[in-house]
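Structure first, then comments.
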Amino acid sequence: MTKLFYIIGLIYLAVTLSACGTAKKKEYKDIDLSDENLFKEVKYDKKTDHYEDTKISEHDSLTYETIARVDKSDLSVFKRSNDPLTKVTALCYRKDFKSSKEYLDNMYFKYKKNPSYWTLVGTCFFLERKYKKAKWFYNKALEFNNNYAPAINNLGVLLQKERKFQRALKAYERAMLISKKSLTPRFNSAQLYLQFGLAEKALVNFKKLYKINKNDKDVLVGMANSYLFLGKPKQAAKLFSRLNDAYYARPEVGLNYAVSLYVLGYKKESKEIFEMVDLKKRSSWRAYYKRVKRVMK
Amino acid sequence: MNKTLLIFLVYMVATVLFGYETYEEKREDLLKVITEELDETIRLSAKRGHKDPVILLRLADLSLEKGIIIRENENDYFLSLPPSKRSKVKKSKYFKKSKASYASAKKTCVLLLKKYKNFRSKNHAYYIMAYIDNEANKIKKAQRYFELALRYSRKGSLIATKSELALANIYYNQKKYHKALPLFISALKDKSDRWWTKNAYNMSWTYYRMGKHNKSLNIMKEVLRHSKSSKYIDMSKDVIRSITKVFVDANRLDEGNRFFRSEGVDFSKQVSYLAKVAMDRGHYSKAEKYLRSVKKISKDLDGLIEIDLTLLRLYDNKAEYRSHLVICKELFKIHKKGGLDNDAYGIFEFNVKRVAALLQKSIIKQKNKKRRKIKVVLASEYFRILSLLTKDKKYSIEFLRGETFYAGKMFGKAIESYDLTYINALKAKDKKFVKLALEGMLAILGKRNVNKKTVHKYQERVYRRYIQFDPKSGKSKKILQKLFSTYISQNNLKESENVLVSFKSRFPKEHTKQEKMLAKIMDHYYKKNNRKRLGYWLARIDRKDFVLSKKYVNKIKQLKLRLKFKDVDRHISKGNKKDALSEYLMIYKNPSSGREERKVAAYNISLLFHEFGLVEKTKEWIDKTLLHTKLNDVQIFEQFAIFTEDFFNRRHFLKSANTSSKLLKILCKSNKKNLKDTLFKNATLVYLAESYIKRFKSTLNVGKQCRINSHYILDAKYGLMEWYGDRKKWLKYDKSLVNLKRFPVLYGSLIEKFFVLYKVYEKRGSTRKKNIVRKTIDRIYKQAKKRSIQINLASLDIVAHFKIFKLESYVAKAKKLKLRFPEKRFNKNIKRRLAYIDSAAKVTEEIRMIGSGKGLVRSYYLLVKSYQDFVKEVRAVTPPGKSQQYIKSFKHNVFNITIPIARKGEQMYRDMNEIIKKKNIFSYDNYWFLLDKKLPFKIEYRYIYSGVIMDRAGV
């Protein structure tokens, strides 16, 4: 019996010792250094630096460059992409910041010299409303390529957010100058012009965008409003009419379409459109809404 | 008669000469006699009116005789002058009298020959003239006169014979032997003449020169035979030498030898004499030939020695040392047999020494390698002979031999000689030569172009001998070091160590040298991974057996470290980082590891973790490393600064900031200004962004203490102020702003920040505080303008905004004034309203000057609207209670009066329209200017997003 205890004791001791030994080694076992892909650098390639064509591209002229205007429901298309950058961008736009950060961290060694990676990091912070950090990383992208248009455009967006409109316009213009085919900075500058009544300039840019894609609804809205500003309600109404009810619910669309119809004398139709406008999430439009309502009475 | 006279004269002279004791006395008397006779003959000639050719000839003859005797006297006197004086004086001055006599004789002869062309004895006159010219060395003239004398003389006569002999000699001298020979033959037919031997001797040479050696030899033999007789002039000495010469030249040595033996003359001595003469004349080849020839025939040892010694002199003169050496060797052989007497030995030894020394000297100068080598070999042979000749201190000669080899750059042979010198000098306890030999050997070993085998053979031996000879000298010190280097290069560590120990005991104060040796030993063992020996020396160092420099102590420390980390390096070099990490960890955890080891291990662990991309672990090991670092670990700090940037990039902001802050504290007192600035900037930026205000403030304080660039300190303070603003901590915001307004550099952006505060106070209704802020804004604006500081656009908008208050007040006041009748009130209000509008226009101008786009649009909007309202209101006025005509006229007048104002308003409207478009002014008042007037009201548009983010398609 004592022998048995003795043997059990020895086995226990052996197991404990071996466990101690393995514990020491286990401290680093999660490091798989054989995975060279983890550290293999992916250099910037302008040929692959864009989104793939999808159905969304038919009514969104900017999807080659940005998925900012894509509906949340449609983002899953991009989430499934083979391109890790596209995948993570989609996660950020879906506000899944936790997952996106993990991905970004894993991608770090591969992409740490790639400006599109740093722009993506900045955008994720932007979407998280951490604008200061977004700015840091957009600038980081510019460290690797001083003429990287997306980072410049996005810095313009940040400036616009800070109400530094003049500087924002300069950023958009620089992005356009560097990358002549870029549509997003053109779109942004057109919107900025129109916001401050410079309809002629806005219209020039919108027309260029319209030429590329006639189904882009935001471009149609911009053009229609530009025409209205310039005293051409008929052309404005014609463009407004190509939109759907969901768009008419947006105050900047519905209210101005109503005004166009009103000016043209279509009071009944004007009233119908006016009633479609939804102010639930757009309270800043309330004053304007009241003004339009007052006129139409 | 003349002939009889001449014979008589000669007889007289001879008898007179032989009758006196000294020749000079005889000469004097003879001169007296001749002078007397000359005077008498002159008198006689004069008596006959100088028309007697016989007396004239006698006169010439006597003048010549007189001249001859005077010339002899003059010659004696001239030769009696000291040579120094003789060389300086004018020679002709001493021969004036004889010359005058000769001239007189010649003149008389010329007169005679002119006057008496058919004179029978004119041959005599020609002879006298020939004799005089011959004396005066006018050979051509003399030859001519002798020829004439011979032509007009009777064959066999005395004059003819003398002329023939004189001419023969002239021809002989002119090397015209064919002309000379018949004259000699003719003149010497009569062998009874006392002078026959002399003239025949000349004739024999003529034969010799003509290559008729036998004839020449026969005549010479005859001359020799006659010379033995007292009737003839003794020419035996000359003729013996001539015969010798002829025999040697004709290579008839045996015959010559036989002949001279029969004559009782030593042929070899004669030949030797000939050789000596030839040598003296510089005819070395000839002399050599004579000596070589006689050497063949000479059987007498003394004669041979004599020849050899002469040959030695000859070869020495000719600098033909190879032949010289051969003779020396022959003489040495004779000497060995005891054949040399003292004199001969002395000459022989002197020759050997002299040539050895000469050769040794010339070796140094000789640049041609081949020649130099020959000379060295020759010299060494001489020294060898010399050493055999020398009885004492033979090693001194061997040393000289060594020196010769050394001078000839034959270092292998030289070192052998030195070695031999050393051994023998040591036996003889001759310290001087021991030292010299050692130094010679050292010098050779110090040469670059010495054969490796030689170096290998002698180096160690020589070094050891020298150290033994002079153990504590400076040279020994150097030699010990060299010996050490030799052993090290041979990987002979045992001996190297022995040398180090020996060096240490002999030169205990030479710490640096000892250190160098030690370093080499350590290095060797380190490379060979001989930990046992390394341990031994490290232990000795730890025991302080050696006094080491600080630098080397550090190196030793590093060596210890390297030893520890050697295994790790091996893993890393193989790419086995995981094992390397384990090794580092073991070193770090090992209780025996010192601070330095731990630091290096921790640092390397952090590097490896960083490479693996593990931020948490990297940070952990950075902290562990920093526990062991010192201020001079700059490389580590710089690396960690890079890590902080990496943390930041990977969005581990707080880790980045904490590490930066930690590093900043450590580096606070260092002079790494740029690094400190970067760390400070990183830390403060992140702490603010992450709202770690306590840490931020702490870092800010550290920054101040660490003398961070004031620009970065100010940036941090500005950031804090903004943070307060963002968090609506208005009291602190206010305080911060007040603090920051001290810095003019911030004026350009501070107005914007003060305006935020202004709005806050306005909202709270704190008019007093609001006004203070406004005044501050005004003050900052004015100061900025004054100092030409650039102000940002937002701040300009704010300054313009305040001006617009004023503008609005004028516009409001103007609008308040209602334009109603009675007329007086109407006119008064118009006036006042226009004054307000005018003030508003002035304020608009002021706003334009500010440069704010927004302010400009707004001010134009207010002013243009004010114009429009005024025009509209004025034109709408209808005076009450007035006739239609009055009203019509009033309205017409009012319309006309308001036209300029209306136009001005329109113009300003158009201008602003253009400005907005041209300058892209982003103001919400734009609508009023740009919107189409047909629209029922001011429509609005804002895009749903402030701007669209761009993700891709960058280039």
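Letters A, B, ... go to the chains of the structure tokens in the order shown; residues in each chain start at 1; ligands are counted from 1 in the same order.
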
Run DSSP on the backbone and give me the residues of range 494-677 of chain B it puts in alpha helix (DSSP H), as a PyMOL selection string.
-> chain B and resi 494-506+511-527+531-542+550-573+577-589+595-612+615-626+634-649+653-667+673-677

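In chain A, the set of residues within 6 Å of chain B (atoms considered: only C-alpha atoms) is Asp49, His50, Glu65, Thr66, Tyr148, Ala149, Pro150, Asn154, Val157, Ser179, Asn188, Gln195, Phe196, Gly197, Phe229, Leu230, Gly231 and Glu252 of chain A.
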
Atoms to include: N, CA, C and O atoms. Write the selected residues as a PDB file, in the first residue's frame.
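Contents of the output file result.pdb:
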ATOM      1  N   ASP A  49      -6.578  50.490 -55.468  1.00  0.00           N
ATOM      2  CA  ASP A  49      -7.098  51.421 -54.455  1.00  0.00           C
ATOM      3  C   ASP A  49      -8.454  52.004 -54.881  1.00  0.00           C
ATOM      4  O   ASP A  49      -8.554  53.188 -55.217  1.00  0.00           O
ATOM      5  N   HIS A  50      -9.463  51.156 -54.875  1.00  0.00           N
ATOM      6  CA  HIS A  50     -10.836  51.627 -55.180  1.00  0.00           C
ATOM      7  C   HIS A  50     -11.808  50.513 -54.804  1.00  0.00           C
ATOM      8  O   HIS A  50     -11.414  49.370 -54.541  1.00  0.00           O
ATOM      9  N   GLU A  65     -15.104  55.542 -55.065  1.00  0.00           N
ATOM     10  CA  GLU A  65     -14.187  56.196 -54.107  1.00  0.00           C
ATOM     11  C   GLU A  65     -14.652  56.098 -52.662  1.00  0.00           C
ATOM     12  O   GLU A  65     -13.842  56.094 -51.746  1.00  0.00           O
ATOM     13  N   THR A  66     -15.951  56.100 -52.477  1.00  0.00           N
ATOM     14  CA  THR A  66     -16.442  56.152 -51.080  1.00  0.00           C
ATOM     15  C   THR A  66     -17.759  55.374 -50.930  1.00  0.00           C
ATOM     16  O   THR A  66     -18.552  55.278 -51.877  1.00  0.00           O
ATOM     17  N   TYR A 148      -2.083  62.398 -51.395  1.00  0.00           N
ATOM     18  CA  TYR A 148      -3.129  61.373 -51.356  1.00  0.00           C
ATOM     19  C   TYR A 148      -4.499  62.057 -51.219  1.00  0.00           C
ATOM     20  O   TYR A 148      -4.866  62.575 -50.153  1.00  0.00           O
ATOM     21  N   ALA A 149      -5.245  62.086 -52.320  1.00  0.00           N
ATOM     22  CA  ALA A 149      -6.481  62.880 -52.418  1.00  0.00           C
ATOM     23  C   ALA A 149      -7.521  62.545 -51.343  1.00  0.00           C
ATOM     24  O   ALA A 149      -8.124  63.475 -50.773  1.00  0.00           O
ATOM     25  N   PRO A 150      -7.773  61.263 -51.038  1.00  0.00           N
ATOM     26  CA  PRO A 150      -8.788  60.993 -50.009  1.00  0.00           C
ATOM     27  C   PRO A 150      -8.485  61.672 -48.672  1.00  0.00           C
ATOM     28  O   PRO A 150      -9.388  62.247 -48.057  1.00  0.00           O
ATOM     29  N   ASN A 154     -10.744  64.494 -46.945  1.00  0.00           N
ATOM     30  CA  ASN A 154     -11.325  64.258 -45.618  1.00  0.00           C
ATOM     31  C   ASN A 154     -10.918  65.334 -44.614  1.00  0.00           C
ATOM     32  O   ASN A 154     -11.705  65.687 -43.734  1.00  0.00           O
ATOM     33  N   VAL A 157     -13.319  67.904 -45.198  1.00  0.00           N
ATOM     34  CA  VAL A 157     -14.596  67.619 -44.532  1.00  0.00           C
ATOM     35  C   VAL A 157     -14.524  68.032 -43.067  1.00  0.00           C
ATOM     36  O   VAL A 157     -15.462  68.630 -42.526  1.00  0.00           O
ATOM     37  N   SER A 179      -5.908  64.796 -58.041  1.00  0.00           N
ATOM     38  CA  SER A 179      -6.528  63.620 -58.655  1.00  0.00           C
ATOM     39  C   SER A 179      -7.719  64.105 -59.490  1.00  0.00           C
ATOM     40  O   SER A 179      -8.825  64.276 -58.969  1.00  0.00           O
ATOM     41  N   ASN A 188     -18.282  67.480 -53.014  1.00  0.00           N
ATOM     42  CA  ASN A 188     -18.253  68.268 -51.767  1.00  0.00           C
ATOM     43  C   ASN A 188     -18.190  69.761 -52.049  1.00  0.00           C
ATOM     44  O   ASN A 188     -18.884  70.558 -51.405  1.00  0.00           O
ATOM     45  N   GLN A 195     -24.661  75.518 -50.749  1.00  0.00           N
ATOM     46  CA  GLN A 195     -25.087  75.854 -49.374  1.00  0.00           C
ATOM     47  C   GLN A 195     -25.043  77.360 -49.132  1.00  0.00           C
ATOM     48  O   GLN A 195     -25.831  77.904 -48.378  1.00  0.00           O
ATOM     49  N   PHE A 196     -24.094  78.033 -49.790  1.00  0.00           N
ATOM     50  CA  PHE A 196     -23.971  79.482 -49.593  1.00  0.00           C
ATOM     51  C   PHE A 196     -24.449  80.281 -50.810  1.00  0.00           C
ATOM     52  O   PHE A 196     -24.014  81.397 -51.042  1.00  0.00           O
ATOM     53  N   GLY A 197     -25.336  79.677 -51.587  1.00  0.00           N
ATOM     54  CA  GLY A 197     -26.015  80.410 -52.658  1.00  0.00           C
ATOM     55  C   GLY A 197     -25.196  80.596 -53.917  1.00  0.00           C
ATOM     56  O   GLY A 197     -25.683  81.236 -54.865  1.00  0.00           O
ATOM     57  N   PHE A 229     -32.280  78.166 -57.352  1.00  0.00           N
ATOM     58  CA  PHE A 229     -31.568  79.354 -56.866  1.00  0.00           C
ATOM     59  C   PHE A 229     -31.387  80.368 -58.001  1.00  0.00           C
ATOM     60  O   PHE A 229     -31.421  81.577 -57.783  1.00  0.00           O
ATOM     61  N   LEU A 230     -31.155  79.813 -59.176  1.00  0.00           N
ATOM     62  CA  LEU A 230     -30.886  80.692 -60.321  1.00  0.00           C
ATOM     63  C   LEU A 230     -32.169  81.183 -61.008  1.00  0.00           C
ATOM     64  O   LEU A 230     -32.122  81.765 -62.080  1.00  0.00           O
ATOM     65  N   GLY A 231     -33.335  80.889 -60.359  1.00  0.00           N
ATOM     66  CA  GLY A 231     -34.609  81.371 -60.896  1.00  0.00           C
ATOM     67  C   GLY A 231     -35.118  80.526 -62.059  1.00  0.00           C
ATOM     68  O   GLY A 231     -35.769  81.053 -62.970  1.00  0.00           O
ATOM     69  N   GLU A 252     -34.570  69.466 -47.445  1.00  0.00           N
ATOM     70  CA  GLU A 252     -33.872  70.235 -48.496  1.00  0.00           C
ATOM     71  C   GLU A 252     -34.353  69.831 -49.887  1.00  0.00           C
ATOM     72  O   GLU A 252     -34.132  70.556 -50.859  1.00  0.00           O
TER      73      GLU A 252
END

Excluding Lys697 in chain B and any residue of its chain fewer than 5 positions from it, enumerate the residues within 9 Å of it, using only C-alpha atoms, and give them as a PyMOL selection string.
-> chain B and resi 684+692+702+720

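Between Ala141 in chain A and the candidates A:Tyr117, A:Gly156, A:Val77, A:Leu243, the tightest atom-to-atom separation, counting only C-alpha atoms, involves A:Tyr117.
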
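Around Glu288 in chain B, within 9 Å and counting only C-alpha atoms, the residues found are Ala275, Ala278, Met279, His283, Tyr284, Ser285, Leu291, Arg292, Ser293, Leu311, Leu314 and Tyr315 of chain B, once anything fewer than 3 positions away on its own chain is removed.
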
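From CA of Phe680 in chain B back to CA of Lys665 in chain B, the distance works out to 9.7 Å.
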
For Val253 in chain A, please output as a PyMOL selection string all residues within 12 Å (counting only C-alpha atoms; exclusion window: fewer than 3 positions along the same chain).
-> (chain A and resi 217-226+228+236-237+239-250+256-260+273-274+276-279+285+289) or (chain B and resi 939-944)

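For Asp266 in chain B, the list of residues within 10 Å, based on only C-alpha atoms and with local chain neighbours fewer than 4 positions off taken out, reads Asn257, Phe260, Arg261, Gln270, Val271, Ser298 and Gly303 of chain B.
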
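Computed from the coordinates, the CA of Met220 in chain B to CA of Ser204 in chain B distance equals 6.0 Å.
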
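Taking only C-alpha atoms, the non-local environment of Val42 in chain A within 8 Å (same-chain residues fewer than 2 positions away omitted) comprises Lys40, Tyr44, Lys110, Tyr111 and Asn114 of chain A.
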
Selected residues, C-alpha atoms, written as an mmCIF file, in the first residue's frame, please.
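Listed below is the output, result.cif:
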data_model
loop_
_atom_site.group_PDB
_atom_site.id
_atom_site.type_symbol
_atom_site.label_atom_id
_atom_site.label_comp_id
_atom_site.auth_asym_id
_atom_site.auth_seq_id
_atom_site.Cartn_x
_atom_site.Cartn_y
_atom_site.Cartn_z
ATOM 1 C CA LYS A 40 4.783 41.006 -45.132
ATOM 2 C CA TYR A 44 0.343 50.924 -52.019
ATOM 3 C CA LYS A 110 1.276 44.795 -43.607
ATOM 4 C CA TYR A 111 -0.127 48.228 -44.254
ATOM 5 C CA ASN A 114 0.156 52.421 -46.996
#

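A straight line drawn from CA of Thr454 in chain B to CA of Met410 in chain B is 11.2 Å long.
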